[in-house]
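Student: Following this line is input_16.cif, made up of mmCIF, C-alpha atoms; chains and numbers go by the auth columns:
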data_protein
loop_
_atom_site.group_PDB
_atom_site.id
_atom_site.type_symbol
_atom_site.label_atom_id
_atom_site.label_comp_id
_atom_site.label_asym_id
_atom_site.label_seq_id
_atom_site.Cartn_x
_atom_site.Cartn_y
_atom_site.Cartn_z
_atom_site.B_iso_or_equiv
_atom_site.auth_seq_id
_atom_site.auth_asym_id
ATOM 1 C CA MET A 1 -0.812 24.375 14.312 0.00 1 A
ATOM 2 C CA THR A 2 -1.654 20.686 14.416 0.00 2 A
ATOM 3 C CA ASN A 3 -5.062 19.240 13.658 0.00 3 A
ATOM 4 C CA THR A 4 -5.893 16.280 15.888 0.00 4 A
ATOM 5 C CA ARG A 5 -8.448 15.090 13.320 0.00 5 A
ATOM 6 C CA LYS A 6 -6.237 15.375 10.238 0.00 6 A
ATOM 7 C CA ALA A 7 -4.645 12.200 8.892 0.00 7 A
ATOM 8 C CA VAL A 8 -2.356 11.466 5.964 0.00 8 A
ATOM 9 C CA VAL A 9 -3.129 8.122 4.319 0.00 9 A
ATOM 10 C CA LEU A 10 -0.584 6.380 2.103 0.00 10 A
ATOM 11 C CA LEU A 11 -2.685 5.070 -0.772 0.00 11 A
ATOM 12 C CA SER A 12 -0.935 2.934 -3.371 0.00 12 A
ATOM 13 C CA GLY A 13 -4.171 1.948 -5.062 0.00 13 A
ATOM 14 C CA GLY A 14 -3.978 -1.634 -3.808 0.00 14 A
ATOM 15 C CA MET A 15 -6.511 -3.530 -1.759 0.00 15 A
ATOM 16 C CA ASP A 16 -4.806 -3.133 1.622 0.00 16 A
ATOM 17 C CA SER A 17 -4.270 0.615 1.298 0.00 17 A
ATOM 18 C CA CYS A 18 -7.842 1.051 0.044 0.00 18 A
ATOM 19 C CA VAL A 19 -9.271 -0.629 3.135 0.00 19 A
ATOM 20 C CA CYS A 20 -6.849 1.383 5.253 0.00 20 A
ATOM 21 C CA THR A 21 -8.290 4.516 3.624 0.00 21 A
ATOM 22 C CA ALA A 22 -11.817 3.341 4.421 0.00 22 A
ATOM 23 C CA ILE A 23 -10.842 2.862 8.068 0.00 23 A
ATOM 24 C CA ALA A 24 -9.231 6.311 8.250 0.00 24 A
ATOM 25 C CA ARG A 25 -12.289 7.897 6.646 0.00 25 A
ATOM 26 C CA GLU A 26 -14.583 6.193 9.158 0.00 26 A
ATOM 27 C CA ARG A 27 -12.470 7.492 12.041 0.00 27 A
ATOM 28 C CA HIS A 28 -11.713 11.010 10.815 0.00 28 A
ATOM 29 C CA GLY A 29 -14.224 11.861 8.080 0.00 29 A
ATOM 30 C CA ALA A 30 -13.556 12.437 4.371 0.00 30 A
ATOM 31 C CA ASP A 31 -12.807 16.120 4.931 0.00 31 A
ATOM 32 C CA ALA A 32 -10.023 15.305 7.403 0.00 32 A
ATOM 33 C CA ILE A 33 -7.985 12.783 5.430 0.00 33 A
ATOM 34 C CA ALA A 34 -5.230 13.646 2.973 0.00 34 A
ATOM 35 C CA LEU A 35 -4.231 11.003 0.427 0.00 35 A
ATOM 36 C CA LEU A 36 -0.608 10.480 -0.594 0.00 36 A
ATOM 37 C CA HIS A 37 0.462 8.437 -3.616 0.00 37 A
ATOM 38 C CA ALA A 38 4.027 7.656 -4.686 0.00 38 A
ATOM 39 C CA GLY A 39 5.087 6.405 -8.081 0.00 39 A
ATOM 40 C CA TYR A 40 8.493 4.763 -7.930 0.00 40 A
ATOM 41 C CA GLY A 41 9.113 3.412 -11.402 0.00 41 A
ATOM 42 C CA GLN A 42 7.244 0.164 -10.754 0.00 42 A
ATOM 43 C CA ARG A 43 5.983 -1.906 -13.686 0.00 43 A
ATOM 44 C CA THR A 44 2.342 -0.986 -13.076 0.00 44 A
ATOM 45 C CA GLU A 45 2.909 2.634 -12.097 0.00 45 A
ATOM 46 C CA ALA A 46 0.259 4.091 -14.454 0.00 46 A
ATOM 47 C CA ARG A 47 -2.386 1.556 -13.421 0.00 47 A
ATOM 48 C CA GLU A 48 -1.760 2.115 -9.731 0.00 48 A
ATOM 49 C CA ARG A 49 -2.054 5.869 -10.232 0.00 49 A
ATOM 50 C CA GLN A 50 -5.395 5.258 -11.967 0.00 50 A
ATOM 51 C CA ALA A 51 -6.538 3.232 -8.964 0.00 51 A
ATOM 52 C CA PHE A 52 -5.439 6.000 -6.594 0.00 52 A
ATOM 53 C CA ASP A 53 -7.364 8.624 -8.562 0.00 53 A
ATOM 54 C CA GLY A 54 -10.455 6.432 -8.649 0.00 54 A
ATOM 55 C CA ILE A 55 -10.442 5.776 -4.918 0.00 55 A
ATOM 56 C CA ALA A 56 -9.784 9.434 -4.112 0.00 56 A
ATOM 57 C CA ASP A 57 -12.726 10.456 -6.326 0.00 57 A
ATOM 58 C CA PHE A 58 -14.924 7.758 -4.777 0.00 58 A
ATOM 59 C CA TYR A 59 -14.350 9.243 -1.321 0.00 59 A
ATOM 60 C CA LYS A 60 -14.402 12.836 -2.621 0.00 60 A
ATOM 61 C CA VAL A 61 -11.102 13.618 -0.928 0.00 61 A
ATOM 62 C CA ARG A 62 -9.826 17.096 -1.731 0.00 62 A
ATOM 63 C CA ASP A 63 -6.356 16.967 -0.167 0.00 63 A
ATOM 64 C CA LYS A 64 -4.177 14.842 -2.448 0.00 64 A
ATOM 65 C CA LEU A 65 -0.463 14.663 -3.126 0.00 65 A
ATOM 66 C CA THR A 66 1.310 12.547 -5.726 0.00 66 A
ATOM 67 C CA VAL A 67 5.086 12.265 -5.807 0.00 67 A
ATOM 68 C CA ARG A 68 7.616 10.480 -7.992 0.00 68 A
ATOM 69 C CA LEU A 69 10.467 8.521 -6.443 0.00 69 A
ATOM 70 C CA ASP A 70 12.290 7.653 -9.646 0.00 70 A
ATOM 71 C CA HIS A 71 15.506 6.761 -7.864 0.00 71 A
ATOM 72 C CA PHE A 72 14.097 3.290 -7.148 0.00 72 A
ATOM 73 C CA ARG A 73 14.368 2.411 -10.823 0.00 73 A
ATOM 74 C CA ALA A 74 17.999 3.566 -10.855 0.00 74 A
ATOM 75 C CA ILE A 75 18.736 1.588 -7.685 0.00 75 A
ATOM 76 C CA GLY A 76 17.108 -1.590 -8.993 0.00 76 A
ATOM 77 C CA GLY A 77 17.364 -4.804 -7.009 0.00 77 A
ATOM 78 C CA SER A 78 13.663 -5.621 -7.304 0.00 78 A
ATOM 79 C CA ALA A 79 11.549 -7.352 -9.930 0.00 79 A
ATOM 80 C CA LEU A 80 9.086 -4.472 -9.619 0.00 80 A
ATOM 81 C CA THR A 81 11.572 -1.824 -10.726 0.00 81 A
ATOM 82 C CA ASP A 82 14.262 -3.724 -12.629 0.00 82 A
ATOM 83 C CA ALA A 83 13.254 -5.126 -16.022 0.00 83 A
ATOM 84 C CA THR A 84 16.149 -7.598 -15.931 0.00 84 A
ATOM 85 C CA ILE A 85 14.618 -9.412 -12.927 0.00 85 A
ATOM 86 C CA ALA A 86 11.582 -11.512 -13.829 0.00 86 A
ATOM 87 C CA VAL A 87 8.418 -11.352 -11.737 0.00 87 A
ATOM 88 C CA PRO A 88 7.856 -14.880 -10.350 0.00 88 A
ATOM 89 C CA GLU A 89 4.750 -16.661 -11.624 0.00 89 A
ATOM 90 C CA ASN A 90 2.822 -19.377 -9.798 0.00 90 A
ATOM 91 C CA GLU A 91 5.507 -19.516 -7.141 0.00 91 A
ATOM 92 C CA LEU A 92 4.934 -17.692 -3.873 0.00 92 A
ATOM 93 C CA ASP A 93 7.921 -16.801 -1.700 0.00 93 A
ATOM 94 C CA GLN A 94 10.610 -17.327 -4.318 0.00 94 A
ATOM 95 C CA ALA A 95 14.025 -16.497 -2.894 0.00 95 A
ATOM 96 C CA GLY A 96 15.677 -13.188 -3.644 0.00 96 A
ATOM 97 C CA PRO A 97 18.624 -12.571 -6.000 0.00 97 A
ATOM 98 C CA HIS A 98 21.246 -13.322 -3.345 0.00 98 A
ATOM 99 C CA GLY A 99 19.677 -16.592 -2.204 0.00 99 A
ATOM 100 C CA ASN A 100 17.895 -15.126 0.797 0.00 100 A
ATOM 101 C CA THR A 101 14.289 -15.801 1.739 0.00 101 A
ATOM 102 C CA ILE A 102 13.013 -12.331 0.839 0.00 102 A
ATOM 103 C CA PRO A 103 11.059 -12.410 -2.463 0.00 103 A
ATOM 104 C CA VAL A 104 12.512 -10.741 -5.552 0.00 104 A
ATOM 105 C CA THR A 105 9.477 -8.436 -5.571 0.00 105 A
ATOM 106 C CA TYR A 106 10.706 -6.737 -2.392 0.00 106 A
ATOM 107 C CA VAL A 107 11.764 -3.154 -3.149 0.00 107 A
ATOM 108 C CA PRO A 108 14.748 -2.357 -0.871 0.00 108 A
ATOM 109 C CA PHE A 109 13.645 -0.231 2.096 0.00 109 A
ATOM 110 C CA ARG A 110 10.768 1.228 0.060 0.00 110 A
ATOM 111 C CA ASN A 111 8.336 1.931 2.891 0.00 111 A
ATOM 112 C CA ALA A 112 10.845 4.160 4.666 0.00 112 A
ATOM 113 C CA HIS A 113 10.852 6.450 1.630 0.00 113 A
ATOM 114 C CA PHE A 114 7.049 6.501 1.554 0.00 114 A
ATOM 115 C CA LEU A 115 6.846 7.229 5.257 0.00 115 A
ATOM 116 C CA SER A 116 9.450 9.989 5.011 0.00 116 A
ATOM 117 C CA VAL A 117 7.357 11.805 2.408 0.00 117 A
ATOM 118 C CA GLY A 118 4.271 11.209 4.537 0.00 118 A
ATOM 119 C CA VAL A 119 5.926 12.637 7.647 0.00 119 A
ATOM 120 C CA SER A 120 7.144 15.711 5.755 0.00 120 A
ATOM 121 C CA TRP A 121 3.664 16.367 4.392 0.00 121 A
ATOM 122 C CA ALA A 122 1.964 15.672 7.718 0.00 122 A
ATOM 123 C CA GLU A 123 4.263 18.100 9.521 0.00 123 A
ATOM 124 C CA ALA A 124 3.704 20.732 6.828 0.00 124 A
ATOM 125 C CA ILE A 125 -0.106 20.523 6.962 0.00 125 A
ATOM 126 C CA GLY A 126 -0.375 19.923 10.696 0.00 126 A
ATOM 127 C CA ALA A 127 -1.676 16.351 10.568 0.00 127 A
ATOM 128 C CA ASN A 128 -1.265 14.118 13.599 0.00 128 A
ATOM 129 C CA PHE A 129 -1.647 10.706 12.008 0.00 129 A
ATOM 130 C CA ILE A 130 -0.170 8.703 9.150 0.00 130 A
ATOM 131 C CA TYR A 131 -2.004 5.582 8.009 0.00 131 A
ATOM 132 C CA ILE A 132 -0.221 2.870 6.055 0.00 132 A
ATOM 133 C CA GLY A 133 -1.765 -0.398 4.872 0.00 133 A
ATOM 134 C CA ALA A 134 1.159 -2.654 5.740 0.00 134 A
ATOM 135 C CA VAL A 135 0.274 -6.312 6.313 0.00 135 A
ATOM 136 C CA ALA A 136 2.530 -8.702 8.223 0.00 136 A
ATOM 137 C CA GLU A 137 0.354 -11.752 8.856 0.00 137 A
ATOM 138 C CA ASP A 138 -0.494 -12.855 5.323 0.00 138 A
ATOM 139 C CA SER A 139 1.801 -11.158 2.831 0.00 139 A
ATOM 140 C CA SER A 140 4.950 -11.901 0.861 0.00 140 A
ATOM 141 C CA GLY A 141 7.256 -11.601 3.876 0.00 141 A
ATOM 142 C CA TYR A 142 8.638 -8.128 3.196 0.00 142 A
ATOM 143 C CA PRO A 143 10.820 -6.929 6.117 0.00 143 A
ATOM 144 C CA ASP A 144 9.416 -3.384 5.967 0.00 144 A
ATOM 145 C CA CYS A 145 5.902 -4.642 6.714 0.00 145 A
ATOM 146 C CA ARG A 146 6.661 -5.887 10.233 0.00 146 A
ATOM 147 C CA PRO A 147 5.209 -4.192 13.347 0.00 147 A
ATOM 148 C CA GLU A 148 8.677 -3.615 14.803 0.00 148 A
ATOM 149 C CA TYR A 149 9.626 -1.641 11.703 0.00 149 A
ATOM 150 C CA TYR A 150 6.913 0.901 12.442 0.00 150 A
ATOM 151 C CA ARG A 151 7.724 1.036 16.147 0.00 151 A
ATOM 152 C CA VAL A 152 11.297 2.004 15.298 0.00 152 A
ATOM 153 C CA PHE A 153 10.179 4.502 12.654 0.00 153 A
ATOM 154 C CA GLN A 154 7.863 6.082 15.214 0.00 154 A
ATOM 155 C CA GLU A 155 10.888 6.914 17.346 0.00 155 A
ATOM 156 C CA LEU A 156 12.634 8.392 14.308 0.00 156 A
ATOM 157 C CA ILE A 157 9.677 10.723 13.798 0.00 157 A
ATOM 158 C CA ARG A 158 9.889 11.817 17.423 0.00 158 A
ATOM 159 C CA VAL A 159 13.556 12.773 17.254 0.00 159 A
ATOM 160 C CA GLY A 160 13.547 14.091 13.684 0.00 160 A
ATOM 161 C CA THR A 161 10.665 16.589 13.724 0.00 161 A
ATOM 162 C CA ARG A 162 9.922 19.833 15.537 0.00 162 A
ATOM 163 C CA PRO A 163 9.576 19.466 19.332 0.00 163 A
ATOM 164 C CA GLU A 164 5.901 20.393 19.148 0.00 164 A
ATOM 165 C CA THR A 165 5.130 17.950 16.310 0.00 165 A
ATOM 166 C CA ARG A 166 3.002 14.956 17.233 0.00 166 A
ATOM 167 C CA ILE A 167 2.623 12.409 14.438 0.00 167 A
ATOM 168 C CA GLU A 168 1.533 8.836 15.076 0.00 168 A
ATOM 169 C CA ILE A 169 1.913 6.000 12.567 0.00 169 A
ATOM 170 C CA LEU A 170 -1.190 3.817 12.406 0.00 170 A
ATOM 171 C CA THR A 171 -1.192 0.356 10.806 0.00 171 A
ATOM 172 C CA PRO A 172 -4.807 -0.813 11.206 0.00 172 A
ATOM 173 C CA VAL A 173 -4.569 -3.902 8.977 0.00 173 A
ATOM 174 C CA ILE A 174 -1.078 -5.085 9.885 0.00 174 A
ATOM 175 C CA ALA A 175 -2.250 -8.084 11.940 0.00 175 A
ATOM 176 C CA MET A 176 -5.121 -9.054 9.636 0.00 176 A
ATOM 177 C CA LYS A 177 -5.096 -11.863 7.119 0.00 177 A
ATOM 178 C CA LYS A 178 -5.965 -10.929 3.567 0.00 178 A
ATOM 179 C CA ASP A 179 -9.459 -12.422 3.741 0.00 179 A
ATOM 180 C CA GLU A 180 -10.118 -10.418 6.918 0.00 180 A
ATOM 181 C CA ILE A 181 -9.062 -7.262 5.097 0.00 181 A
ATOM 182 C CA ILE A 182 -11.545 -8.044 2.336 0.00 182 A
ATOM 183 C CA ARG A 183 -14.335 -8.619 4.850 0.00 183 A
ATOM 184 C CA LYS A 184 -13.474 -5.340 6.583 0.00 184 A
ATOM 185 C CA GLY A 185 -13.512 -3.545 3.247 0.00 185 A
ATOM 186 C CA ILE A 186 -16.921 -4.952 2.367 0.00 186 A
ATOM 187 C CA GLU A 187 -18.214 -3.997 5.810 0.00 187 A
ATOM 188 C CA LEU A 188 -17.066 -0.401 5.269 0.00 188 A
ATOM 189 C CA GLY A 189 -18.216 -0.214 1.653 0.00 189 A
ATOM 190 C CA ALA A 190 -14.657 0.226 0.357 0.00 190 A
ATOM 191 C CA PRO A 191 -14.380 0.405 -3.451 0.00 191 A
ATOM 192 C CA LEU A 192 -12.436 -2.826 -3.897 0.00 192 A
ATOM 193 C CA HIS A 193 -13.471 -2.853 -7.557 0.00 193 A
ATOM 194 C CA LEU A 194 -11.232 0.179 -8.102 0.00 194 A
ATOM 195 C CA THR A 195 -8.103 -1.362 -6.594 0.00 195 A
ATOM 196 C CA TRP A 196 -5.137 -2.892 -8.400 0.00 196 A
ATOM 197 C CA SER A 197 -2.743 -5.486 -7.010 0.00 197 A
ATOM 198 C CA CYS A 198 -1.041 -7.095 -10.018 0.00 198 A
ATOM 199 C CA TYR A 199 2.726 -6.710 -10.156 0.00 199 A
ATOM 200 C CA GLN A 200 3.188 -6.911 -13.916 0.00 200 A
ATOM 201 C CA SER A 201 0.034 -6.217 -15.947 0.00 201 A
ATOM 202 C CA GLU A 202 -1.930 -2.987 -16.401 0.00 202 A
ATOM 203 C CA GLN A 203 -4.846 -4.108 -18.590 0.00 203 A
ATOM 204 C CA GLU A 204 -6.037 -7.341 -17.006 0.00 204 A
ATOM 205 C CA ALA A 205 -4.480 -8.717 -13.831 0.00 205 A
ATOM 206 C CA CYS A 206 -2.098 -11.567 -14.640 0.00 206 A
ATOM 207 C CA GLY A 207 -3.444 -13.888 -11.942 0.00 207 A
ATOM 208 C CA VAL A 208 -0.074 -15.605 -11.500 0.00 208 A
ATOM 209 C CA CYS A 209 2.258 -13.158 -9.709 0.00 209 A
ATOM 210 C CA ASP A 210 2.625 -13.266 -5.917 0.00 210 A
ATOM 211 C CA SER A 211 0.256 -10.391 -5.380 0.00 211 A
ATOM 212 C CA CYS A 212 -2.468 -11.784 -7.637 0.00 212 A
ATOM 213 C CA LEU A 213 -2.169 -15.239 -6.071 0.00 213 A
ATOM 214 C CA LEU A 214 -2.508 -13.818 -2.559 0.00 214 A
ATOM 215 C CA ARG A 215 -5.459 -11.689 -3.628 0.00 215 A
ATOM 216 C CA LEU A 216 -7.319 -14.502 -5.386 0.00 216 A
ATOM 217 C CA LYS A 217 -6.735 -16.814 -2.427 0.00 217 A
ATOM 218 C CA ALA A 218 -8.054 -14.169 -0.038 0.00 218 A
ATOM 219 C CA PHE A 219 -11.233 -13.530 -1.994 0.00 219 A
ATOM 220 C CA ALA A 220 -11.867 -17.274 -2.156 0.00 220 A
ATOM 221 C CA GLU A 221 -11.375 -17.588 1.611 0.00 221 A
ATOM 222 C CA ALA A 222 -13.666 -14.602 2.159 0.00 222 A
ATOM 223 C CA GLY A 223 -16.333 -16.404 0.141 0.00 223 A
ATOM 224 C CA THR A 224 -16.803 -13.686 -2.439 0.00 224 A
ATOM 225 C CA SER A 225 -15.740 -12.927 -6.006 0.00 225 A
ATOM 226 C CA ASP A 226 -12.895 -10.588 -6.872 0.00 226 A
ATOM 227 C CA PRO A 227 -14.448 -7.675 -8.806 0.00 227 A
ATOM 228 C CA ILE A 228 -11.415 -6.938 -11.005 0.00 228 A
ATOM 229 C CA ARG A 229 -10.634 -8.554 -14.364 0.00 229 A
ATOM 230 C CA TYR A 230 -8.068 -11.305 -14.780 0.00 230 A
ATOM 231 C CA ARG A 231 -6.710 -13.051 -17.835 0.00 231 A
ATOM 232 C CA LYS A 232 -9.047 -15.983 -18.431 0.00 232 A
ATOM 233 C CA ASN A 233 -6.290 -18.577 -18.796 0.00 233 A
ATOM 234 C CA ALA A 234 -4.587 -17.351 -15.616 0.00 234 A
ATOM 235 C CA VAL A 235 -7.776 -17.554 -13.526 0.00 235 A
ATOM 236 C CA ALA A 236 -8.547 -21.012 -14.854 0.00 236 A
ATOM 237 C CA SER A 237 -5.173 -22.293 -13.625 0.00 237 A
ATOM 238 C CA ALA A 238 -5.119 -20.321 -10.368 0.00 238 A
#
Now that the file is in, can you turn its structure into structure tokens?

Tutor:
Amino acid sequence: MTNTRKAVVLLSGGMDSCVCTAIARERHGADAIALLHAGYGQRTEARERQAFDGIADFYKVRDKLTVRLDHFRAIGGSALTDATIAVPENELDQAGPHGNTIPVTYVPFRNAHFLSVGVSWAEAIGANFIYIGAVAEDSSGYPDCRPEYYRVFQELIRVGTRPETRIEILTPVIAMKKDEIIRKGIELGAPLHLTWSCYQSEQEACGVCDSCLLRLKAFAEAGTSDPIRYRKNAVASA
């Protein structure tokens, strides 16, 4: 039996997925959201899991699932999962390893794996919605964050699940700029202080990777201070 109120939310522990969780909670209620976290061998896997746990506790969500997708580390091809590929510093949009325009921090086809787990869980628990905090407007240019990607995946869900299954992918922040996401999070009281965005550091955010640079820029444009800790020398030069 499906539950038209139940929603699975993909929560990495980052800022975008945290605000996405806040939006889902506002729409469905804390008792009707289920939080899914995937570790995939990324450099900051432990810190992101800590962020997930903190956000889940903040919202008092009871339905939680954590999975490990260790094959990404074996596959490689990304600076996030392959130690032989350096994370770019102070250089947004650095070309990928084959000279293309996709950043080296792109994890090949990652979001399809996340969504597949989300769909399986949603079908098993009778949820009708899957929320994902993908951002297309103001991100690093990852191909699996584009609106058309989710439109195509929606059709895959339709043909690949039970005939009676109704699961809709929702991407509430996909057209927002990062500063707009921050403002939305503040409006909803999202625990942005619990989030983690840094690609390479787990103690203090490095302040120089793509993700940190985008985050710092967004907080500045939103006219507010970022509540997480950064390395002092990195912030001074950011």

Student: Just checking: using only C-alpha atoms, which residue out of A:Gly160, A:Gly141, A:Pro88, A:Pro108 ends up closest to Glu123 of chain A?

Tutor: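 When distances to Glu123 of chain A are compared using only C-alpha atoms, the smallest one comes from A:Gly160.
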
Student: Residues picked by the PyMOL selection byres ((chain A and resi 186) around 12) here, as a list in words?

Tutor: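 Applied to this file, the PyMOL selection byres ((chain A and resi 186) around 12) returns Met15, Cys18, Val19, Ala22, Ile23, Asp179, Glu180, Ile181, Ile182, Arg183, Lys184, Gly185, Glu187, Leu188, Gly189, Ala190, Pro191, Leu192, His193, Phe219, Ala222, Gly223, Thr224, Ser225, Asp226 and Pro227 of chain A.
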
Student: At most 9 Å is the cut-off: for each residue in segment 35-83 of chain A with any atom that close to an atom of segment 112-120 of chain A, write down the nearest atom pair and the distance in Å rounded to one decimal, counting only C-alpha atoms, chain first then increasing number, as JSON lines.

Tutor:
{"residue": "A:Leu36", "atom": "CA", "partner": "A:Gly118", "partner_atom": "CA", "distance": 7.1}
{"residue": "A:His37", "atom": "CA", "partner": "A:Phe114", "partner_atom": "CA", "distance": 8.6}
{"residue": "A:Ala38", "atom": "CA", "partner": "A:Phe114", "partner_atom": "CA", "distance": 7.0}
{"residue": "A:Val67", "atom": "CA", "partner": "A:Val117", "partner_atom": "CA", "distance": 8.5}
{"residue": "A:Leu69", "atom": "CA", "partner": "A:His113", "partner_atom": "CA", "distance": 8.3}

Student: Take the PyMOL selection byres ((chain A and resi 5) around 10), apply it to the structure above, and return the hits as a ChimeraX atom specification.

Tutor: /A:2-4,6-7,27-29,31-33,126-129

Student: What is the atom CA of Cys20 of chain A-atom CA of Glu204 of chain A distance in Å, reported with one decimal?

Tutor: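 So the answer is 23.9 Å.
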
Student: Using only C-alpha atoms, which residues of segment 143-222 of chain A come within 9 Å of segment 102-106 of chain A, and what is the closest atom pair for each, with the distance in Å to one decimal? Give it as JSON lines, sorted by chain and residue number.

Tutor:
{"residue": "A:Pro143", "atom": "CA", "partner": "A:Ile102", "partner_atom": "CA", "distance": 7.9}
{"residue": "A:Tyr199", "atom": "CA", "partner": "A:Thr105", "partner_atom": "CA", "distance": 8.3}
{"residue": "A:Asp210", "atom": "CA", "partner": "A:Thr105", "partner_atom": "CA", "distance": 8.4}

Student: Counting all atoms listed in the file, which of A:Tyr40, A:Phe58, A:Tyr150, A:Tyr230 gets nearest to Arg110 of chain A?

Tutor: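 Smallest distance to Arg110 of chain A is found for A:Tyr40.
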
Student: Please return, as a list in words, all polymer residues that have at least one atom within 12 Å of the point (-1.6, -6.9, 12.7); use all atoms listed in the file and the file's own coordinate frame.

Tutor: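 Answer for this query, in the requested form: Ile132, Gly133, Ala134, Val135, Ala136, Glu137, Asp138, Ser139, Cys145, Arg146, Pro147, Glu148, Tyr150, Leu170, Thr171, Pro172, Val173, Ile174, Ala175, Met176, Lys177, Lys178, Glu180 and Ile181 of chain A.
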
Student: Name the closest residue to Gln50 of chain A among the candidates A:Ala79, A:Leu11, A:Leu214, A:Ala24; distances are taken between atoms, counting all atoms listed in the file.

Tutor: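 Closest to Gln50 of chain A, using all atoms listed in the file: A:Leu11.
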
Student: Just checking: using all atoms listed in the file, which residue out of A:Val61, A:Val87, A:Ile157, A:Glu168 ends up closest to Ser211 of chain A?

Tutor: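 Comparing A:Val61, A:Val87, A:Ile157, A:Glu168 against Ser211 of chain A, the winner is A:Val87.
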
Student: Choose the residue, out of A:Leu35, A:Ile169, A:Cys198, A:Cys206, that has the smallest atom-to-atom separation from Thr21 of chain A; count only C-alpha atoms.

Tutor: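 Checking each of A:Leu35, A:Ile169, A:Cys198, A:Cys206 against Thr21 of chain A, counting only C-alpha atoms, the winner is A:Leu35.
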
Student: Which residues fall under the PyMOL selection byres ((chain A and resi 75) around 12) in this file, as a CSV table (one decimal) with C-alpha atoms, in the coordinates of the input?

Tutor:
chain,number,residue,atom,x,y,z
A,40,TYR,CA,8.5,4.8,-7.9
A,41,GLY,CA,9.1,3.4,-11.4
A,42,GLN,CA,7.2,0.2,-10.8
A,69,LEU,CA,10.5,8.5,-6.4
A,70,ASP,CA,12.3,7.7,-9.6
A,71,HIS,CA,15.5,6.8,-7.9
A,72,PHE,CA,14.1,3.3,-7.1
A,73,ARG,CA,14.4,2.4,-10.8
A,74,ALA,CA,18.0,3.6,-10.9
A,76,GLY,CA,17.1,-1.6,-9.0
A,77,GLY,CA,17.4,-4.8,-7.0
A,78,SER,CA,13.7,-5.6,-7.3
A,79,ALA,CA,11.5,-7.4,-9.9
A,80,LEU,CA,9.1,-4.5,-9.6
A,81,THR,CA,11.6,-1.8,-10.7
A,82,ASP,CA,14.3,-3.7,-12.6
A,107,VAL,CA,11.8,-3.2,-3.1
A,108,PRO,CA,14.7,-2.4,-0.9
A,109,PHE,CA,13.6,-0.2,2.1
A,110,ARG,CA,10.8,1.2,0.1

Student: Applying 8 Å and all atoms listed in the file, which residues near Leu216 of chain A remain after dropping the ones on its own chain fewer than 3 positions away? List them as a ChimeraX atom specification.

Tutor: /A:207,212-213,219-220,226,238

Student: Between atom CA of Glu91 of chain A and atom CA of Arg47 of chain A, measure the distance and give it in Å to one decimal.

Tutor: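 Between atom CA of Glu91 of chain A and atom CA of Arg47 of chain A the gap works out to 23.4 Å.
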